[in-house]
Protein chains: 2
Amino acid sequence: MTKATPKPRRSKAEQRAEKQELILNGAELLFAKRGLHGVTLKDVAKEVGVDTALIHYYFADKKALFDQVLERRAPVTSGRRIAAMDAYEASVGGKVTLEGALHAYLDTDLDSYIQGGEAWRNYGQIGALVAHTPEWGSEILSRLMDPVVTRLIELLRKAMPDTPDEDIFWGYQFVSGALMMTLARTGRIDKLSNGLCHSDDFEAVKARMATFMAGGFRAICDQRERERQSG
Amino acid sequence: MTKATPKPRRSKAEQRAEKQELILNGAELLFAKRGLHGVTLKDVAKEVGVDTALIHYYFADKKALFDQVLERRAPVTSGRRIAAMDAYEASVGGKVTLEGALHAYLDTDLDSYIQGGEAWRNYGQIGALVAHTPEWGSEILSRLMDPVVTRLIELLRKAMPDTPDEDIFWGYQFVSGALMMTLARTGRIDKLSNGLCHSDDFEAVKARMATFMAGGFRAICDQRERERQSG
DNA sequence: ATTATCTATAGATCTATAGATAATGC
DNA sequence: ATTATCTATAGATCTATAGATAATGC
């Protein structure tokens with residue numbers, strides 16, 4: 001029953017950071033399911049349990065909130081992936097293989113979602129939506145993802161020195177599409193396969209994707225080789 | 001200067017159909033760029049040059065308009081692709097190859113966008129967005145696309161009789177992701193490749209995708225084979 | 001007569017902000 | 001004193017509909 005002022009649990013800076021995190025988490029969840037325009041600030045406020053005005057206090061507007069959701073995680077996974085590709089290249093002393101490059105690029109990203117919990121997987125869903133939004137998707141991706149992608153392109157060139165850049169870039173587009181479809185987790189494969197496969201099973205994807213994509217690149221290379229010999 | 005009543009150019013039924021087409025075209029264009037929630041009926045009315053009330057006269061609400069945009073073309077390309085796969089299987093007398101099945105499935109779809117003009121390519125962009133929308137995307141795709149997808153799965157099974165269904169379904173997911181990324185035409189590959197490749201160049205995709213994906217499936221099969229021998 | 005189209009508007013949001021109040025921090 | 005949070009609300013949409021008017025069809 002003492003009335004001494006209790007020590008404040010959190011400093012203002014901490015409180016500020018925590019509340020922003022909470023808002024970002026709620027926004028991340030909702031944007032993941034419905035996209036930028038499918039969510040209102042009221043929806044976010046309700047989800048988080050705060051007032052709409054508080055969201056405006058911390059974030060300029062809805063688009064700024066959306067951008068910050070992406071900017072919170074993009075550099076994390078991007079950094080991990082670049083580090084993994086650097087480490088891979090160093091470990092093989094320049095003798096880069098398709099499988100090696102793709103495992104570093106893809107598995108490192110998938111691990112973020114496998115180990116990062118639901119919040120990370122929500123972020124991945126937003127990425128998949130953004131990657132398919134013609135009007136402004138490509139600008140955001142360029143800003144956030146160009147370094148990690150160009151690093152992969154470098155490695156792919158080293159693994160396939162005789163393959164024209166066009167083939168490498170189109171192949172990258174296929175890889176990227178497959179990865180985004182995985183991140184979207186729409187449950188479509190669950191229905192198609194009658195419950196045999198699950199959208200959320202990123203381990204199953206990790207066990208197959210790099211191998212599959214390496215085989216794809218190799219098939220393109222072989223096709224070029226055959227053209228060269230016969231033409 | 002004669003005042004005789006001129007013959008009506010279009011019957012009511014024709015006028016009705018034409019105006020609905022115009023509205024669907026405008027809606028298709030806008031939904032393609034911004035998605036369902038990024039477009040208002042006012043936007044569509046302005047784009048088409050009619051009053052908002054007229055859109056309500058022909059379509060129940062925004063979602064119904066969106067659905068009809070998809071239902072106008074989905075059965076067309078779906079039918080073509082199934083016919084192409086049927087014809088392919090008949091032509092090889094059951095000796096199905098990965099390349100053959102994938103060419104029938106992928107190239108037939110790409111041809112619709114190559115030959116169908118901007119309207120068809122807009123439809124493709126919407127499909128890509130829907131395919132990555134967790135909340136309701138998978139229901140729409142199931143309803144519109146299941147027959148053509150299960151037909152492909154059948155052919156893939158015949159081409160790889162020893163490969164487990166899991167591998168086939170995950171491989172299908174990669175194929176589908178790559179195709180959707182192509183349909184999205186965000187311009188990302190243009191920037192990444194410094195103008196070497198163009199999002200709109202579906203011929204370039206057609207020249208590579210079936211080969212790439214067949215190589216991917218083959219790599220997965222080989223991996224399984226090696227596991228069987230060593231394990 | 002029936003159908004197509006427009007005018008006008010109700011009612012429901014939604015974003016954003018001003019200003020009040022409550023909670024920390026020197 | 002400063003910062004966090006809430007109350008209240010302005011102003012701008014947006015969807016949807018009722019009802020009037022114009023254009024076809026028997």
# chains A, B, ... in the order shown; residues from 1 in each chain; ligands from 1

$ interface_residues --of "chain D" --to "chain B" --cutoff "9 Å" --atoms "only C-alpha atoms (C1' of nucleotides)" --output "number ranges by chain"
D: 14-17, 24-25

$ write_last_selection --atoms "C-alpha atoms (C1' of nucleotides)" --output "PDB file, in the first residue's frame"
ATOM      1  C1'  DC D  14     -16.775   6.579 -52.038  1.00  0.00           C
ATOM      2  C1'  DT D  15     -20.591   3.370 -52.775  1.00  0.00           C
ATOM      3  C1'  DA D  16     -25.077   2.867 -53.809  1.00  0.00           C
ATOM      4  C1'  DT D  17     -29.721   4.164 -54.867  1.00  0.00           C
ATOM      5  C1'  DT D  24     -35.248   2.441 -78.503  1.00  0.00           C
ATOM      6  C1'  DG D  25     -38.808  -1.395 -79.611  1.00  0.00           C
TER       7       DG D  25
END

$ interface_residues --of "chain A" --to "chain B" --cutoff "6 Å" --atoms "only C-alpha atoms" --output "short mmCIF file (atom, residue, chain, number, x, y, z; two decimals) with N, CA and C atoms, in the first residue's frame"
data_model
loop_
_atom_site.label_atom_id
_atom_site.label_comp_id
_atom_site.auth_asym_id
_atom_site.auth_seq_id
_atom_site.Cartn_x
_atom_site.Cartn_y
_atom_site.Cartn_z
N LYS A 33 -2.15 -9.42 -45.85
CA LYS A 33 -3.35 -10.13 -46.29
C LYS A 33 -4.11 -9.39 -47.37
N HIS A 37 -3.83 -0.83 -50.40
CA HIS A 37 -5.12 -0.16 -50.52
C HIS A 37 -6.26 -0.95 -49.87
N GLY A 38 -6.00 -2.17 -49.50
CA GLY A 38 -7.04 -2.98 -48.87
C GLY A 38 -7.15 -2.76 -47.37
N LEU A 129 3.40 -9.28 -52.95
CA LEU A 129 2.42 -8.37 -53.54
C LEU A 129 3.10 -7.20 -54.23
N HIS A 132 4.52 -7.65 -57.65
CA HIS A 132 3.59 -7.81 -58.76
C HIS A 132 2.69 -6.61 -58.95
N PRO A 134 2.35 -3.25 -60.75
CA PRO A 134 3.00 -2.52 -61.83
C PRO A 134 3.27 -1.06 -61.51
N GLU A 135 2.32 -0.41 -60.83
CA GLU A 135 2.42 1.04 -60.74
C GLU A 135 3.60 1.53 -59.90
N SER A 138 8.02 -1.81 -58.68
CA SER A 138 9.40 -1.96 -59.11
C SER A 138 10.33 -0.91 -58.50
N PHE A 174 12.67 -15.88 -63.54
CA PHE A 174 11.97 -17.12 -63.18
C PHE A 174 12.22 -17.47 -61.71
N GLY A 177 10.26 -15.09 -59.52
CA GLY A 177 8.83 -15.41 -59.54
C GLY A 177 8.51 -16.61 -58.66
N ALA A 178 9.35 -17.64 -58.76
CA ALA A 178 9.12 -18.83 -57.95
C ALA A 178 9.23 -18.52 -56.46
N MET A 181 6.15 -16.46 -55.36
CA MET A 181 4.97 -17.31 -55.24
C MET A 181 5.00 -18.10 -53.93
N ALA A 184 4.10 -15.83 -51.01
CA ALA A 184 2.71 -15.39 -50.98
C ALA A 184 1.82 -16.30 -50.12
N THR A 186 -0.59 -18.52 -50.42
CA THR A 186 -2.03 -18.33 -50.60
C THR A 186 -2.84 -19.57 -50.29
N ARG A 188 -2.89 -22.10 -52.22
CA ARG A 188 -3.33 -22.70 -53.48
C ARG A 188 -2.77 -24.11 -53.65
N PHE A 212 16.19 -27.08 -58.45
CA PHE A 212 15.31 -26.87 -59.60
C PHE A 212 15.83 -25.73 -60.48
N MET A 213 16.15 -24.62 -59.86
CA MET A 213 16.56 -23.44 -60.63
C MET A 213 17.93 -23.66 -61.29
N GLY A 215 19.00 -26.48 -62.35
CA GLY A 215 18.67 -27.32 -63.50
C GLY A 215 18.09 -26.50 -64.64
N GLY A 216 17.30 -25.50 -64.29
CA GLY A 216 16.73 -24.61 -65.30
C GLY A 216 17.80 -23.84 -66.04
N ALA A 219 19.73 -26.07 -68.34
CA ALA A 219 19.01 -26.42 -69.58
C ALA A 219 19.12 -25.30 -70.61
N ILE A 220 19.05 -24.05 -70.13
CA ILE A 220 19.20 -22.91 -71.04
C ILE A 220 20.61 -22.88 -71.63
#

$ residues_around --residues "A:Ile82" --least-positions-apart "6" --cutoff "9 Å" --atoms "only C-alpha atoms (C1' of nucleotides)" --output "ChimeraX atom specification"
/A:104-105,147-149,151-152

$ residues_around --residues "D:DG19" --least-positions-apart "4" --cutoff "12 Å" --atoms "only C-alpha atoms (C1' of nucleotides)" --output "MDAnalysis selection string"
chainID C and resid 6:9

$ select_by_dssp --residues "stretch 12-173 of chain B" --states "helix (DSSP H, G or I)" --output "MDAnalysis selection string"
chainID B and resid 12:34 36:38 41:48 52:58 62:91 98:130 137:159 165:173

$ write_last_selection --atoms "C-alpha atoms" --output "compact mmCIF listing (two decimals), in the first residue's frame"
# COMPACT_ATOMS: atom_id res chain seq x y z
CA LYS B 12 -30.48 -2.47 -77.59
CA ALA B 13 -28.85 -5.82 -77.07
CA GLU B 14 -25.83 -4.70 -79.06
CA GLN B 15 -25.64 -1.38 -77.28
CA ARG B 16 -25.87 -3.16 -73.96
CA ALA B 17 -23.09 -5.59 -74.84
CA GLU B 18 -20.85 -2.88 -76.25
CA LYS B 19 -21.17 -0.63 -73.24
CA GLN B 20 -20.48 -3.51 -70.90
CA GLU B 21 -17.35 -4.34 -72.90
CA LEU B 22 -16.19 -0.74 -72.66
CA ILE B 23 -16.68 -0.70 -68.91
CA LEU B 24 -14.91 -4.04 -68.55
CA ASN B 25 -11.99 -2.76 -70.63
CA GLY B 26 -11.57 0.34 -68.50
CA ALA B 27 -11.90 -1.63 -65.30
CA GLU B 28 -9.41 -4.21 -66.59
CA LEU B 29 -6.85 -1.51 -67.33
CA LEU B 30 -7.16 0.14 -63.93
CA PHE B 31 -7.37 -3.06 -61.87
CA ALA B 32 -4.24 -4.26 -63.68
CA LYS B 33 -2.23 -1.28 -62.52
CA ARG B 34 -3.56 -0.81 -58.99
CA LEU B 36 -9.04 -4.26 -56.67
CA HIS B 37 -8.79 -1.87 -53.74
CA GLY B 38 -6.60 0.65 -55.55
CA LEU B 41 -15.81 3.04 -59.38
CA LYS B 42 -15.38 6.75 -59.99
CA ASP B 43 -11.94 6.03 -61.48
CA VAL B 44 -13.48 3.45 -63.79
CA ALA B 45 -16.36 5.75 -64.77
CA LYS B 46 -13.92 8.54 -65.58
CA GLU B 47 -11.64 6.21 -67.56
CA VAL B 48 -14.56 4.89 -69.62
CA THR B 52 -20.76 5.99 -62.00
CA ALA B 53 -24.45 5.15 -61.84
CA LEU B 54 -24.23 3.38 -65.19
CA ILE B 55 -21.62 1.01 -63.81
CA HIS B 56 -24.04 0.13 -61.04
CA TYR B 57 -26.72 -0.35 -63.65
CA TYR B 58 -24.73 -3.08 -65.37
CA LYS B 62 -17.11 -3.35 -57.51
CA LYS B 63 -16.27 -6.94 -56.66
CA ALA B 64 -18.77 -8.24 -59.22
CA LEU B 65 -17.16 -6.00 -61.84
CA PHE B 66 -13.74 -7.34 -60.88
CA ASP B 67 -14.95 -10.94 -61.10
CA GLN B 68 -16.49 -10.36 -64.51
CA VAL B 69 -13.25 -8.88 -65.78
CA LEU B 70 -11.56 -12.16 -64.93
CA GLU B 71 -14.38 -14.36 -66.11
CA ARG B 72 -14.37 -12.75 -69.53
CA ARG B 73 -10.95 -14.11 -70.49
CA ALA B 74 -10.05 -16.93 -68.09
CA PRO B 75 -12.17 -19.57 -69.86
CA VAL B 76 -10.77 -18.52 -73.23
CA THR B 77 -7.11 -19.10 -72.44
CA SER B 78 -7.96 -22.04 -70.22
CA GLY B 79 -9.80 -23.73 -73.07
CA ARG B 80 -6.99 -23.07 -75.51
CA ARG B 81 -4.42 -24.52 -73.15
CA ILE B 82 -6.40 -27.66 -72.43
CA ALA B 83 -6.96 -28.15 -76.15
CA ALA B 84 -3.23 -27.69 -76.77
CA MET B 85 -2.33 -30.22 -74.10
CA ASP B 86 -4.91 -32.71 -75.38
CA ALA B 87 -3.61 -32.31 -78.93
CA TYR B 88 -0.04 -32.70 -77.74
CA GLU B 89 -0.73 -35.89 -75.84
CA ALA B 90 -2.64 -37.36 -78.77
CA SER B 91 0.16 -36.43 -81.17
CA LEU B 98 8.48 -32.61 -69.91
CA GLU B 99 9.28 -30.16 -72.68
CA GLY B 100 6.22 -31.12 -74.68
CA ALA B 101 3.83 -30.75 -71.76
CA LEU B 102 5.33 -27.45 -70.65
CA HIS B 103 5.40 -25.96 -74.14
CA ALA B 104 1.71 -26.76 -74.55
CA TYR B 105 0.85 -25.31 -71.14
CA LEU B 106 3.07 -22.22 -71.16
CA ASP B 107 3.41 -21.19 -74.81
CA THR B 108 -0.31 -21.40 -75.44
CA ASP B 109 -0.94 -18.99 -72.60
CA LEU B 110 1.86 -16.63 -73.64
CA ASP B 111 0.46 -16.62 -77.18
CA SER B 112 -2.83 -15.25 -75.86
CA TYR B 113 -1.01 -12.21 -74.48
CA ILE B 114 1.27 -11.87 -77.50
CA GLN B 115 -1.62 -11.94 -79.94
CA GLY B 116 -4.37 -10.52 -77.74
CA GLY B 117 -3.07 -6.96 -77.46
CA GLU B 118 -2.96 -4.65 -74.49
CA ALA B 119 -6.34 -5.72 -73.11
CA TRP B 120 -5.19 -9.31 -72.74
CA ARG B 121 -1.93 -8.20 -71.18
CA ASN B 122 -3.90 -6.16 -68.67
CA TYR B 123 -5.87 -9.24 -67.80
CA GLY B 124 -2.60 -11.09 -67.25
CA GLN B 125 -1.42 -8.44 -64.80
CA ILE B 126 -4.60 -8.82 -62.79
CA GLY B 127 -4.08 -12.57 -62.71
CA ALA B 128 -0.59 -12.07 -61.30
CA LEU B 129 -1.94 -9.83 -58.55
CA VAL B 130 -4.75 -12.22 -57.70
CA GLY B 137 -6.78 -14.99 -54.44
CA SER B 138 -6.72 -18.73 -54.16
CA GLU B 139 -10.51 -19.13 -54.31
CA ILE B 140 -10.77 -17.20 -57.57
CA LEU B 141 -7.86 -19.08 -59.12
CA SER B 142 -9.29 -22.40 -58.03
CA ARG B 143 -12.60 -21.62 -59.62
CA LEU B 144 -11.15 -20.36 -62.88
CA MET B 145 -7.96 -22.35 -63.33
CA ASP B 146 -8.19 -25.76 -61.67
CA PRO B 147 -9.07 -27.71 -64.85
CA VAL B 148 -6.10 -26.46 -66.84
CA VAL B 149 -3.70 -26.95 -63.94
CA THR B 150 -4.80 -30.47 -63.13
CA ARG B 151 -4.49 -31.32 -66.82
CA LEU B 152 -0.86 -30.15 -66.69
CA ILE B 153 -0.24 -32.16 -63.54
CA GLU B 154 -1.55 -35.27 -65.32
CA LEU B 155 0.89 -34.76 -68.17
CA LEU B 156 3.79 -34.10 -65.82
CA ARG B 157 3.02 -37.34 -64.01
CA LYS B 158 3.17 -39.22 -67.30
CA ALA B 159 6.46 -37.57 -68.20
CA ASP B 165 3.65 -36.06 -56.38
CA GLU B 166 5.16 -33.66 -53.84
CA ASP B 167 7.98 -32.88 -56.22
CA ILE B 168 5.57 -32.37 -59.08
CA PHE B 169 3.35 -30.00 -57.12
CA TRP B 170 6.25 -27.93 -55.82
CA GLY B 171 7.67 -27.81 -59.31
CA TYR B 172 4.31 -26.62 -60.55
CA GLN B 173 4.41 -23.84 -57.97

$ atom_distance --atom1 "atom CA of B:Pro164" --atom2 "atom CA of B:Arg224"
8.9 Å

$ atom_distance --atom1 "atom C1' of C:DA10" --atom2 "atom CA of B:Gly49"
24.4 Å

$ residues_around --residues "C:DA22" --least-positions-apart "5" --cutoff "12 Å" --atoms "only C-alpha atoms (C1' of nucleotides)" --output "PDB file with all heavy atoms, in the first residue's frame"
ATOM      1  P    DT D   3      10.391  16.598 -26.788  1.00  0.00           P
ATOM      2  OP1  DT D   3      11.692  16.095 -27.278  1.00  0.00           O
ATOM      3  OP2  DT D   3       9.631  17.611 -27.537  1.00  0.00           O
ATOM      4  O5'  DT D   3       9.448  15.340 -26.553  1.00  0.00           O
ATOM      5  C5'  DT D   3       9.810  14.397 -25.552  1.00  0.00           C
ATOM      6  C4'  DT D   3       8.637  13.479 -25.298  1.00  0.00           C
ATOM      7  O4'  DT D   3       7.600  14.197 -24.580  1.00  0.00           O
ATOM      8  C3'  DT D   3       7.968  12.924 -26.552  1.00  0.00           C
ATOM      9  O3'  DT D   3       7.919  11.522 -26.434  1.00  0.00           O
ATOM     10  C2'  DT D   3       6.592  13.577 -26.570  1.00  0.00           C
ATOM     11  C1'  DT D   3       6.356  13.799 -25.079  1.00  0.00           C
ATOM     12  N1   DT D   3       5.381  14.851 -24.713  1.00  0.00           N
ATOM     13  C2   DT D   3       4.368  14.534 -23.855  1.00  0.00           C
ATOM     14  O2   DT D   3       4.219  13.418 -23.387  1.00  0.00           O
ATOM     15  N3   DT D   3       3.519  15.574 -23.561  1.00  0.00           N
ATOM     16  C4   DT D   3       3.586  16.867 -24.024  1.00  0.00           C
ATOM     17  O4   DT D   3       2.765  17.704 -23.688  1.00  0.00           O
ATOM     18  C5   DT D   3       4.682  17.141 -24.927  1.00  0.00           C
ATOM     19  C7   DT D   3       4.848  18.504 -25.495  1.00  0.00           C
ATOM     20  C6   DT D   3       5.523  16.129 -25.226  1.00  0.00           C
ATOM     21  P    DA D   4       7.265  10.588 -27.526  1.00  0.00           P
ATOM     22  OP1  DA D   4       8.068   9.347 -27.594  1.00  0.00           O
ATOM     23  OP2  DA D   4       7.014  11.382 -28.737  1.00  0.00           O
ATOM     24  O5'  DA D   4       5.879  10.221 -26.852  1.00  0.00           O
ATOM     25  C5'  DA D   4       5.885   9.464 -25.662  1.00  0.00           C
ATOM     26  C4'  DA D   4       4.466   9.153 -25.228  1.00  0.00           C
ATOM     27  O4'  DA D   4       3.786  10.400 -24.948  1.00  0.00           O
ATOM     28  C3'  DA D   4       3.615   8.421 -26.256  1.00  0.00           C
ATOM     29  O3'  DA D   4       2.945   7.381 -25.583  1.00  0.00           O
ATOM     30  C2'  DA D   4       2.671   9.498 -26.788  1.00  0.00           C
ATOM     31  C1'  DA D   4       2.527  10.417 -25.593  1.00  0.00           C
ATOM     32  N9   DA D   4       2.273  11.833 -25.878  1.00  0.00           N
ATOM     33  C8   DA D   4       3.014  12.665 -26.672  1.00  0.00           C
ATOM     34  N7   DA D   4       2.570  13.905 -26.715  1.00  0.00           N
ATOM     35  C5   DA D   4       1.458  13.881 -25.893  1.00  0.00           C
ATOM     36  C6   DA D   4       0.543  14.878 -25.513  1.00  0.00           C
ATOM     37  N6   DA D   4       0.605  16.146 -25.928  1.00  0.00           N
ATOM     38  N1   DA D   4      -0.455  14.523 -24.661  1.00  0.00           N
ATOM     39  C2   DA D   4      -0.508  13.252 -24.233  1.00  0.00           C
ATOM     40  N3   DA D   4       0.299  12.228 -24.523  1.00  0.00           N
ATOM     41  C4   DA D   4       1.273  12.614 -25.371  1.00  0.00           C
ATOM     42  P    DT D   5       2.067   6.329 -26.400  1.00  0.00           P
ATOM     43  OP1  DT D   5       1.965   5.087 -25.609  1.00  0.00           O
ATOM     44  OP2  DT D   5       2.514   6.290 -27.798  1.00  0.00           O
ATOM     45  O5'  DT D   5       0.651   7.036 -26.339  1.00  0.00           O
ATOM     46  C5'  DT D   5      -0.068   7.007 -25.111  1.00  0.00           C
ATOM     47  C4'  DT D   5      -1.328   7.821 -25.247  1.00  0.00           C
ATOM     48  O4'  DT D   5      -0.999   9.182 -25.610  1.00  0.00           O
ATOM     49  C3'  DT D   5      -2.294   7.352 -26.324  1.00  0.00           C
ATOM     50  O3'  DT D   5      -3.365   6.688 -25.694  1.00  0.00           O
ATOM     51  C2'  DT D   5      -2.721   8.625 -27.047  1.00  0.00           C
ATOM     52  C1'  DT D   5      -2.177   9.728 -26.145  1.00  0.00           C
ATOM     53  N1   DT D   5      -1.827  10.993 -26.835  1.00  0.00           N
ATOM     54  C2   DT D   5      -2.552  12.104 -26.541  1.00  0.00           C
ATOM     55  O2   DT D   5      -3.465  12.123 -25.741  1.00  0.00           O
ATOM     56  N3   DT D   5      -2.169  13.246 -27.225  1.00  0.00           N
ATOM     57  C4   DT D   5      -1.143  13.345 -28.152  1.00  0.00           C
ATOM     58  O4   DT D   5      -0.898  14.403 -28.692  1.00  0.00           O
ATOM     59  C5   DT D   5      -0.431  12.124 -28.411  1.00  0.00           C
ATOM     60  C7   DT D   5       0.693  12.122 -29.396  1.00  0.00           C
ATOM     61  C6   DT D   5      -0.793  11.020 -27.747  1.00  0.00           C
ATOM     62  P    DC D   6      -4.592   6.132 -26.552  1.00  0.00           P
ATOM     63  OP1  DC D   6      -5.114   4.954 -25.844  1.00  0.00           O
ATOM     64  OP2  DC D   6      -4.180   6.038 -27.966  1.00  0.00           O
ATOM     65  O5'  DC D   6      -5.660   7.305 -26.409  1.00  0.00           O
ATOM     66  C5'  DC D   6      -6.065   7.716 -25.113  1.00  0.00           C
ATOM     67  C4'  DC D   6      -6.951   8.954 -25.219  1.00  0.00           C
ATOM     68  O4'  DC D   6      -6.173  10.017 -25.833  1.00  0.00           O
ATOM     69  C3'  DC D   6      -8.193   8.760 -26.089  1.00  0.00           C
ATOM     70  O3'  DC D   6      -9.337   9.139 -25.352  1.00  0.00           O
ATOM     71  C2'  DC D   6      -7.956   9.659 -27.294  1.00  0.00           C
ATOM     72  C1'  DC D   6      -6.998  10.720 -26.743  1.00  0.00           C
ATOM     73  N1   DC D   6      -6.117  11.329 -27.770  1.00  0.00           N
ATOM     74  C2   DC D   6      -6.182  12.706 -28.007  1.00  0.00           C
ATOM     75  O2   DC D   6      -6.975  13.385 -27.356  1.00  0.00           O
ATOM     76  N3   DC D   6      -5.365  13.248 -28.943  1.00  0.00           N
ATOM     77  C4   DC D   6      -4.514  12.478 -29.624  1.00  0.00           C
ATOM     78  N4   DC D   6      -3.722  13.063 -30.531  1.00  0.00           N
ATOM     79  C5   DC D   6      -4.429  11.076 -29.398  1.00  0.00           C
ATOM     80  C6   DC D   6      -5.247  10.537 -28.472  1.00  0.00           C
TER      81       DC D   6
END

$ atom_distance --atom1 "atom CA of B:Lys206" --atom2 "atom CA of A:Arg226"
18.1 Å

$ decode --residues "stretch 44-81 of chain B" --atoms "C-alpha atoms" --output "PDB file, in the first residue's frame"
ATOM      1  CA  VAL B  44     -13.480   3.451 -63.789  1.00  0.00           C
ATOM      2  CA  ALA B  45     -16.361   5.750 -64.768  1.00  0.00           C
ATOM      3  CA  LYS B  46     -13.923   8.537 -65.577  1.00  0.00           C
ATOM      4  CA  GLU B  47     -11.645   6.207 -67.556  1.00  0.00           C
ATOM      5  CA  VAL B  48     -14.558   4.892 -69.621  1.00  0.00           C
ATOM      6  CA  GLY B  49     -16.321   8.249 -69.918  1.00  0.00           C
ATOM      7  CA  VAL B  50     -19.622   7.196 -68.378  1.00  0.00           C
ATOM      8  CA  ASP B  51     -21.400   7.993 -65.147  1.00  0.00           C
ATOM      9  CA  THR B  52     -20.763   5.993 -62.005  1.00  0.00           C
ATOM     10  CA  ALA B  53     -24.446   5.149 -61.844  1.00  0.00           C
ATOM     11  CA  LEU B  54     -24.231   3.383 -65.187  1.00  0.00           C
ATOM     12  CA  ILE B  55     -21.620   1.010 -63.813  1.00  0.00           C
ATOM     13  CA  HIS B  56     -24.036   0.134 -61.043  1.00  0.00           C
ATOM     14  CA  TYR B  57     -26.720  -0.353 -63.651  1.00  0.00           C
ATOM     15  CA  TYR B  58     -24.726  -3.081 -65.368  1.00  0.00           C
ATOM     16  CA  PHE B  59     -22.742  -4.527 -62.463  1.00  0.00           C
ATOM     17  CA  ALA B  60     -23.892  -5.231 -58.941  1.00  0.00           C
ATOM     18  CA  ASP B  61     -20.855  -3.770 -57.206  1.00  0.00           C
ATOM     19  CA  LYS B  62     -17.106  -3.349 -57.513  1.00  0.00           C
ATOM     20  CA  LYS B  63     -16.267  -6.944 -56.659  1.00  0.00           C
ATOM     21  CA  ALA B  64     -18.769  -8.240 -59.220  1.00  0.00           C
ATOM     22  CA  LEU B  65     -17.158  -6.000 -61.839  1.00  0.00           C
ATOM     23  CA  PHE B  66     -13.745  -7.342 -60.879  1.00  0.00           C
ATOM     24  CA  ASP B  67     -14.949 -10.936 -61.101  1.00  0.00           C
ATOM     25  CA  GLN B  68     -16.492 -10.365 -64.510  1.00  0.00           C
ATOM     26  CA  VAL B  69     -13.252  -8.876 -65.776  1.00  0.00           C
ATOM     27  CA  LEU B  70     -11.563 -12.161 -64.931  1.00  0.00           C
ATOM     28  CA  GLU B  71     -14.385 -14.360 -66.111  1.00  0.00           C
ATOM     29  CA  ARG B  72     -14.369 -12.748 -69.530  1.00  0.00           C
ATOM     30  CA  ARG B  73     -10.949 -14.115 -70.493  1.00  0.00           C
ATOM     31  CA  ALA B  74     -10.055 -16.927 -68.093  1.00  0.00           C
ATOM     32  CA  PRO B  75     -12.171 -19.575 -69.857  1.00  0.00           C
ATOM     33  CA  VAL B  76     -10.773 -18.520 -73.235  1.00  0.00           C
ATOM     34  CA  THR B  77      -7.109 -19.100 -72.435  1.00  0.00           C
ATOM     35  CA  SER B  78      -7.964 -22.036 -70.222  1.00  0.00           C
ATOM     36  CA  GLY B  79      -9.799 -23.728 -73.066  1.00  0.00           C
ATOM     37  CA  ARG B  80      -6.990 -23.072 -75.508  1.00  0.00           C
ATOM     38  CA  ARG B  81      -4.419 -24.519 -73.150  1.00  0.00           C
TER      39      ARG B  81
END
